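Structure record follows, encoded as structure tokens.
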Amino acid sequence: MSVMFINPVLAQWEVNGTFNYKSEIPNVGLGIGAARNLPFQWPIIGFKVRAGIDLFRSTEIKTVNGVQSTEKFSSEDFHVDLIATLFYRHIKPYFGLSMGVGHYSVNQFNEYMFFLGALVGAKFTLAVWIHLFIEVDSYKYFSSFDTEKTKRNISSLQFTGRAGIIFKF
């Protein structure tokens, strides 16, 4: 009984920062997130809830008849994820489900869209409180991208790769 109360409690909260690359325009972005372990954790698998924001920006310079113009593209994704992590020694693979709202601003297209997604990744332990991770997400936006407004063919099924660092506390 005394061992249960003397041992330190493992970190329950974590924050992360990521560098993101998406399959559709705008391609490059940054993300931040916070996660909390759920009360039920077992020796080989644990569950957590994560909330995050991903910001994507890009600029394109076009030349038409000798005149240069600049087009700016932006996208923000606000998501909540349910993640299951397998506990191995130094590498911890995980998988999960996502849902959220994305905002796209491409040319005259400026809309909010609901999405569902799935993710897989792996965490690599550097220290008890610091982890590196890589992740691949697949999002399905439940709205179409109007090619007349966007002047592009943007798919509603998008993939995002992430690399980042996690701080646990």
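Letters A, B, ... mark the chains of the structure tokens in the order given; residue numbers begin at 1 per chain; ligand numbers begin at 1, in order shown.
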Select from range 41-151 of chain A everything DSSP, run on the backbone, classes as strand (DSSP E), then give the selection as a ChimeraX atom specification.
/A:41,45-64,67-86,91-106,109-127,130-141
Could you produce a table of the residues of range 63-112 of chain A lying within 8 Å of range 145-156 of chain A, with the nearest pair of atoms per residue and their separation in Å rounded to one decimal, using only C-alpha atoms, ordered by chain and increasing residue number, as CSV?
```
residue,atom,partner,partner_atom,distance
A:Val106,CA,A:Thr150,CA,5.4
A:Asn107,CA,A:Thr150,CA,5.3
A:Gln108,CA,A:Lys149,CA,5.0
A:Phe109,CA,A:Lys149,CA,5.1
```
Residues just named, written with all heavy atoms as a PDB file, in the first residue's frame:
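Ended up saving to out-v5.pdb:
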```pdb
ATOM      1  N   VAL A 106      -8.766  30.286 -50.205  1.00  0.00           N
ATOM      2  CA  VAL A 106      -8.018  30.139 -51.447  1.00  0.00           C
ATOM      3  C   VAL A 106      -8.725  30.973 -52.507  1.00  0.00           C
ATOM      4  O   VAL A 106      -9.867  30.691 -52.861  1.00  0.00           O
ATOM      5  CB  VAL A 106      -7.961  28.659 -51.897  1.00  0.00           C
ATOM      6  CG1 VAL A 106      -7.244  28.517 -53.219  1.00  0.00           C
ATOM      7  CG2 VAL A 106      -7.303  27.799 -50.828  1.00  0.00           C
ATOM      8  N   ASN A 107      -8.043  32.020 -52.981  1.00  0.00           N
ATOM      9  CA  ASN A 107      -8.629  32.964 -53.942  1.00  0.00           C
ATOM     10  C   ASN A 107      -9.965  33.483 -53.413  1.00  0.00           C
ATOM     11  O   ASN A 107     -10.008  34.045 -52.336  1.00  0.00           O
ATOM     12  CB  ASN A 107      -8.736  32.331 -55.327  1.00  0.00           C
ATOM     13  CG  ASN A 107      -7.358  32.056 -55.916  1.00  0.00           C
ATOM     14  OD1 ASN A 107      -6.424  32.818 -55.701  1.00  0.00           O
ATOM     15  ND2 ASN A 107      -7.221  30.952 -56.626  1.00  0.00           N
ATOM     16  N   GLN A 108     -11.082  33.290 -54.125  1.00  0.00           N
ATOM     17  CA  GLN A 108     -12.387  33.774 -53.649  1.00  0.00           C
ATOM     18  C   GLN A 108     -13.117  32.745 -52.785  1.00  0.00           C
ATOM     19  O   GLN A 108     -14.228  32.991 -52.336  1.00  0.00           O
ATOM     20  CB  GLN A 108     -13.295  34.148 -54.832  1.00  0.00           C
ATOM     21  CG  GLN A 108     -12.898  35.426 -55.547  1.00  0.00           C
ATOM     22  CD  GLN A 108     -11.747  35.211 -56.511  1.00  0.00           C
ATOM     23  OE1 GLN A 108     -11.656  34.159 -57.122  1.00  0.00           O
ATOM     24  NE2 GLN A 108     -10.881  36.195 -56.623  1.00  0.00           N
ATOM     25  N   PHE A 109     -12.516  31.588 -52.537  1.00  0.00           N
ATOM     26  CA  PHE A 109     -13.127  30.552 -51.708  1.00  0.00           C
ATOM     27  C   PHE A 109     -12.728  30.811 -50.260  1.00  0.00           C
ATOM     28  O   PHE A 109     -11.550  30.859 -49.922  1.00  0.00           O
ATOM     29  CB  PHE A 109     -12.628  29.180 -52.172  1.00  0.00           C
ATOM     30  CG  PHE A 109     -13.258  28.023 -51.459  1.00  0.00           C
ATOM     31  CD1 PHE A 109     -14.495  27.549 -51.867  1.00  0.00           C
ATOM     32  CD2 PHE A 109     -12.626  27.405 -50.399  1.00  0.00           C
ATOM     33  CE1 PHE A 109     -15.086  26.465 -51.232  1.00  0.00           C
ATOM     34  CE2 PHE A 109     -13.207  26.326 -49.753  1.00  0.00           C
ATOM     35  CZ  PHE A 109     -14.441  25.869 -50.173  1.00  0.00           C
TER      36      PHE A 109
END
```
Using only C-alpha atoms, find the one residue out of A:Leu157, A:Ile83, A:Ile53, A:Ala11 that sits nearest to Glu24 in chain A.
A:Leu157
Nearby residues (only C-alpha atoms) at most 12 Å from Glu111 in chain A, same-chain spacing under 6 positions excluded, as a ChimeraX atom specification
/A:74-77,101-105,141-146,149-150
Name the residues of range 5-150 of chain A that come out as alpha helix (DSSP H) in a backbone DSSP run; write them as a PDB file with all heavy atoms, in the first residue's frame.
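Output file selection38.pdb follows:
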```
ATOM      1  N   PHE A   5       1.487   4.943  -2.847  1.00  0.00           N
ATOM      2  CA  PHE A   5       1.416   6.357  -2.521  1.00  0.00           C
ATOM      3  C   PHE A   5       2.770   7.055  -2.559  1.00  0.00           C
ATOM      4  O   PHE A   5       2.836   8.267  -2.638  1.00  0.00           O
ATOM      5  CB  PHE A   5       0.773   6.545  -1.148  1.00  0.00           C
ATOM      6  CG  PHE A   5      -0.667   6.108  -1.130  1.00  0.00           C
ATOM      7  CD1 PHE A   5      -1.057   4.980  -0.430  1.00  0.00           C
ATOM      8  CD2 PHE A   5      -1.624   6.813  -1.839  1.00  0.00           C
ATOM      9  CE1 PHE A   5      -2.370   4.571  -0.418  1.00  0.00           C
ATOM     10  CE2 PHE A   5      -2.946   6.407  -1.842  1.00  0.00           C
ATOM     11  CZ  PHE A   5      -3.328   5.289  -1.131  1.00  0.00           C
ATOM     12  N   ILE A   6       3.856   6.305  -2.530  1.00  0.00           N
ATOM     13  CA  ILE A   6       5.185   6.902  -2.532  1.00  0.00           C
ATOM     14  C   ILE A   6       5.689   7.127  -3.960  1.00  0.00           C
ATOM     15  O   ILE A   6       6.339   8.121  -4.241  1.00  0.00           O
ATOM     16  CB  ILE A   6       6.183   6.025  -1.742  1.00  0.00           C
ATOM     17  CG1 ILE A   6       5.790   6.024  -0.267  1.00  0.00           C
ATOM     18  CG2 ILE A   6       7.605   6.513  -1.912  1.00  0.00           C
ATOM     19  CD1 ILE A   6       6.609   5.077   0.580  1.00  0.00           C
ATOM     20  N   THR A 147     -14.231  24.712 -57.656  1.00  0.00           N
ATOM     21  CA  THR A 147     -13.084  24.994 -58.531  1.00  0.00           C
ATOM     22  C   THR A 147     -13.210  26.350 -59.223  1.00  0.00           C
ATOM     23  O   THR A 147     -12.203  26.942 -59.592  1.00  0.00           O
ATOM     24  CB  THR A 147     -12.907  23.889 -59.593  1.00  0.00           C
ATOM     25  OG1 THR A 147     -14.118  23.737 -60.322  1.00  0.00           O
ATOM     26  CG2 THR A 147     -12.511  22.580 -58.945  1.00  0.00           C
ATOM     27  N   GLU A 148     -14.417  26.839 -59.373  1.00  0.00           N
ATOM     28  CA  GLU A 148     -14.601  28.156 -59.982  1.00  0.00           C
ATOM     29  C   GLU A 148     -14.077  29.252 -59.057  1.00  0.00           C
ATOM     30  O   GLU A 148     -13.475  30.224 -59.500  1.00  0.00           O
ATOM     31  CB  GLU A 148     -16.084  28.388 -60.281  1.00  0.00           C
ATOM     32  CG  GLU A 148     -16.335  29.560 -61.205  1.00  0.00           C
ATOM     33  CD  GLU A 148     -17.786  29.590 -61.642  1.00  0.00           C
ATOM     34  OE1 GLU A 148     -18.229  28.638 -62.305  1.00  0.00           O
ATOM     35  OE2 GLU A 148     -18.455  30.580 -61.303  1.00  0.00           O
ATOM     36  N   LYS A 149     -14.286  29.087 -57.746  1.00  0.00           N
ATOM     37  CA  LYS A 149     -13.808  30.073 -56.777  1.00  0.00           C
ATOM     38  C   LYS A 149     -12.336  29.875 -56.431  1.00  0.00           C
ATOM     39  O   LYS A 149     -11.595  30.831 -56.260  1.00  0.00           O
ATOM     40  CB  LYS A 149     -14.640  30.007 -55.493  1.00  0.00           C
ATOM     41  CG  LYS A 149     -16.026  30.546 -55.634  1.00  0.00           C
ATOM     42  CD  LYS A 149     -16.738  30.488 -54.291  1.00  0.00           C
ATOM     43  CE  LYS A 149     -18.135  31.050 -54.381  1.00  0.00           C
ATOM     44  NZ  LYS A 149     -18.810  30.976 -53.072  1.00  0.00           N
ATOM     45  N   THR A 150     -11.905  28.610 -56.273  1.00  0.00           N
ATOM     46  CA  THR A 150     -10.522  28.347 -55.869  1.00  0.00           C
ATOM     47  C   THR A 150      -9.540  28.464 -57.034  1.00  0.00           C
ATOM     48  O   THR A 150      -8.361  28.664 -56.823  1.00  0.00           O
ATOM     49  CB  THR A 150     -10.371  26.937 -55.264  1.00  0.00           C
ATOM     50  OG1 THR A 150     -10.721  25.961 -56.244  1.00  0.00           O
ATOM     51  CG2 THR A 150     -11.208  26.786 -54.019  1.00  0.00           C
TER      52      THR A 150
END
```
Point-to-point distance from CA of Ala51 in chain A to CA of Leu132 in chain A, Å rounded to tenths
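If I compute the distance from CA of Ala51 in chain A to CA of Leu132 in chain A, I get 17.8 Å.
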Go ahead and compute the interatomic distance for CA of Ile166 in chain A and CA of Lys48 in chain A, in Å to one decimal.
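If I compute the distance from CA of Ile166 in chain A to CA of Lys48 in chain A, I get 13.8 Å.
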Just give me the gap between CA of Leu119 in chain A and CA of Phe73 in chain A in Å, one decimal is fine.
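Here the two named atoms are 24.7 Å from each other.
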What's the 10 Å shell around Gly17 in chain A, counting only C-alpha atoms, without same-chain residues fewer than 5 positions away, as a PyMOL selection string?
chain A and resi 30-34+52-54+132+162-167
Just write the chosen residues, N, CA, C and O atoms, as a PDB file, in the first residue's frame.
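Output contents, as saved in part-v6.pdb:
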```pdb
ATOM      1  N   LEU A  30       2.442  24.966 -39.467  1.00  0.00           N
ATOM      2  CA  LEU A  30       2.859  24.691 -38.102  1.00  0.00           C
ATOM      3  C   LEU A  30       1.637  24.329 -37.278  1.00  0.00           C
ATOM      4  O   LEU A  30       0.523  24.728 -37.611  1.00  0.00           O
ATOM      5  N   GLY A  31       1.848  23.589 -36.200  1.00  0.00           N
ATOM      6  CA  GLY A  31       0.739  23.211 -35.338  1.00  0.00           C
ATOM      7  C   GLY A  31       1.131  23.231 -33.881  1.00  0.00           C
ATOM      8  O   GLY A  31       2.306  23.124 -33.532  1.00  0.00           O
ATOM      9  N   ILE A  32       0.125  23.401 -33.031  1.00  0.00           N
ATOM     10  CA  ILE A  32       0.300  23.287 -31.597  1.00  0.00           C
ATOM     11  C   ILE A  32      -0.832  22.425 -31.061  1.00  0.00           C
ATOM     12  O   ILE A  32      -1.908  22.341 -31.668  1.00  0.00           O
ATOM     13  N   GLY A  33      -0.593  21.771 -29.934  1.00  0.00           N
ATOM     14  CA  GLY A  33      -1.632  20.927 -29.361  1.00  0.00           C
ATOM     15  C   GLY A  33      -1.401  20.677 -27.888  1.00  0.00           C
ATOM     16  O   GLY A  33      -0.319  20.913 -27.354  1.00  0.00           O
ATOM     17  N   ALA A  34      -2.451  20.211 -27.244  1.00  0.00           N
ATOM     18  CA  ALA A  34      -2.395  19.821 -25.838  1.00  0.00           C
ATOM     19  C   ALA A  34      -3.172  18.524 -25.689  1.00  0.00           C
ATOM     20  O   ALA A  34      -4.195  18.328 -26.349  1.00  0.00           O
ATOM     21  N   GLY A  52      -5.937  20.357 -30.973  1.00  0.00           N
ATOM     22  CA  GLY A  52      -4.860  21.082 -31.633  1.00  0.00           C
ATOM     23  C   GLY A  52      -5.340  22.031 -32.701  1.00  0.00           C
ATOM     24  O   GLY A  52      -6.492  21.985 -33.142  1.00  0.00           O
ATOM     25  N   ILE A  53      -4.434  22.897 -33.110  1.00  0.00           N
ATOM     26  CA  ILE A  53      -4.664  23.859 -34.183  1.00  0.00           C
ATOM     27  C   ILE A  53      -3.494  23.743 -35.149  1.00  0.00           C
ATOM     28  O   ILE A  53      -2.329  23.762 -34.731  1.00  0.00           O
ATOM     29  N   ASP A  54      -3.802  23.595 -36.435  1.00  0.00           N
ATOM     30  CA  ASP A  54      -2.786  23.562 -37.483  1.00  0.00           C
ATOM     31  C   ASP A  54      -3.001  24.747 -38.409  1.00  0.00           C
ATOM     32  O   ASP A  54      -4.111  24.954 -38.905  1.00  0.00           O
ATOM     33  N   LEU A 132      10.069  12.918 -29.211  1.00  0.00           N
ATOM     34  CA  LEU A 132       9.918  13.331 -30.598  1.00  0.00           C
ATOM     35  C   LEU A 132       8.841  12.447 -31.214  1.00  0.00           C
ATOM     36  O   LEU A 132       8.640  11.319 -30.769  1.00  0.00           O
ATOM     37  N   ARG A 162       3.341  15.021 -40.122  1.00  0.00           N
ATOM     38  CA  ARG A 162       3.777  15.882 -39.031  1.00  0.00           C
ATOM     39  C   ARG A 162       5.065  15.341 -38.405  1.00  0.00           C
ATOM     40  O   ARG A 162       5.228  14.145 -38.273  1.00  0.00           O
ATOM     41  N   ALA A 163       5.908  16.243 -37.991  1.00  0.00           N
ATOM     42  CA  ALA A 163       7.072  15.917 -37.169  1.00  0.00           C
ATOM     43  C   ALA A 163       7.103  16.940 -36.044  1.00  0.00           C
ATOM     44  O   ALA A 163       6.889  18.132 -36.296  1.00  0.00           O
ATOM     45  N   GLY A 164       7.323  16.478 -34.819  1.00  0.00           N
ATOM     46  CA  GLY A 164       7.253  17.430 -33.729  1.00  0.00           C
ATOM     47  C   GLY A 164       7.904  16.953 -32.460  1.00  0.00           C
ATOM     48  O   GLY A 164       8.538  15.893 -32.408  1.00  0.00           O
ATOM     49  N   ILE A 165       7.723  17.772 -31.442  1.00  0.00           N
ATOM     50  CA  ILE A 165       8.284  17.499 -30.122  1.00  0.00           C
ATOM     51  C   ILE A 165       7.158  17.607 -29.088  1.00  0.00           C
ATOM     52  O   ILE A 165       6.278  18.450 -29.219  1.00  0.00           O
ATOM     53  N   ILE A 166       7.207  16.709 -28.089  1.00  0.00           N
ATOM     54  CA  ILE A 166       6.196  16.661 -27.028  1.00  0.00           C
ATOM     55  C   ILE A 166       6.890  16.917 -25.688  1.00  0.00           C
ATOM     56  O   ILE A 166       7.944  16.331 -25.411  1.00  0.00           O
ATOM     57  N   PHE A 167       6.291  17.779 -24.881  1.00  0.00           N
ATOM     58  CA  PHE A 167       6.734  18.006 -23.505  1.00  0.00           C
ATOM     59  C   PHE A 167       5.651  17.495 -22.575  1.00  0.00           C
ATOM     60  O   PHE A 167       4.508  17.932 -22.663  1.00  0.00           O
TER      61      PHE A 167
END
```
Which is closest to Ser23 in chain A among A:Thr85, A:Asn110, A:Gln158, A:Asn37, if we use only C-alpha atoms?
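Answer, going by the shortest atom-to-atom distance: A:Gln158.
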When you look at Ile61 in chain A with a cut-off of 8 Å (counting only C-alpha atoms), what residues show up, excluding the ones that are within fewer than 6 positions of it in the same chain? I need them as a PDB file with C-alpha atoms, in the first residue's frame.
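The resulting result_3.pdb:
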```pdb
ATOM      1  CA  GLN A  68       3.417  39.851 -61.594  1.00  0.00           C
ATOM      2  CA  SER A  69       0.676  39.112 -59.098  1.00  0.00           C
ATOM      3  CA  THR A  70       0.793  37.434 -55.714  1.00  0.00           C
ATOM      4  CA  GLU A  71      -1.781  34.913 -54.527  1.00  0.00           C
TER       5      GLU A  71
END
```
Compare A:Arg57, A:Asn16, A:Phe47, A:Lys72 by their minimum atom-to-atom distance to Ile130 in chain A, counting only C-alpha atoms, and give me the closest one.
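Using only C-alpha atoms, the shortest distance to Ile130 in chain A belongs to A:Asn16.
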Compare A:Tyr21, A:Phe56, A:Phe124, A:Trp13 by their minimum atom-to-atom distance to Gly161 in chain A, counting only C-alpha atoms, and give me the closest one.
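Among the listed residues, A:Tyr21 lies closest to Gly161 in chain A.
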The residue from A:Met113, A:Val120, A:Leu86, A:Val64 with the smallest atom-to-atom distance to Ser138 in chain A, counting only C-alpha atoms, is A:Val120
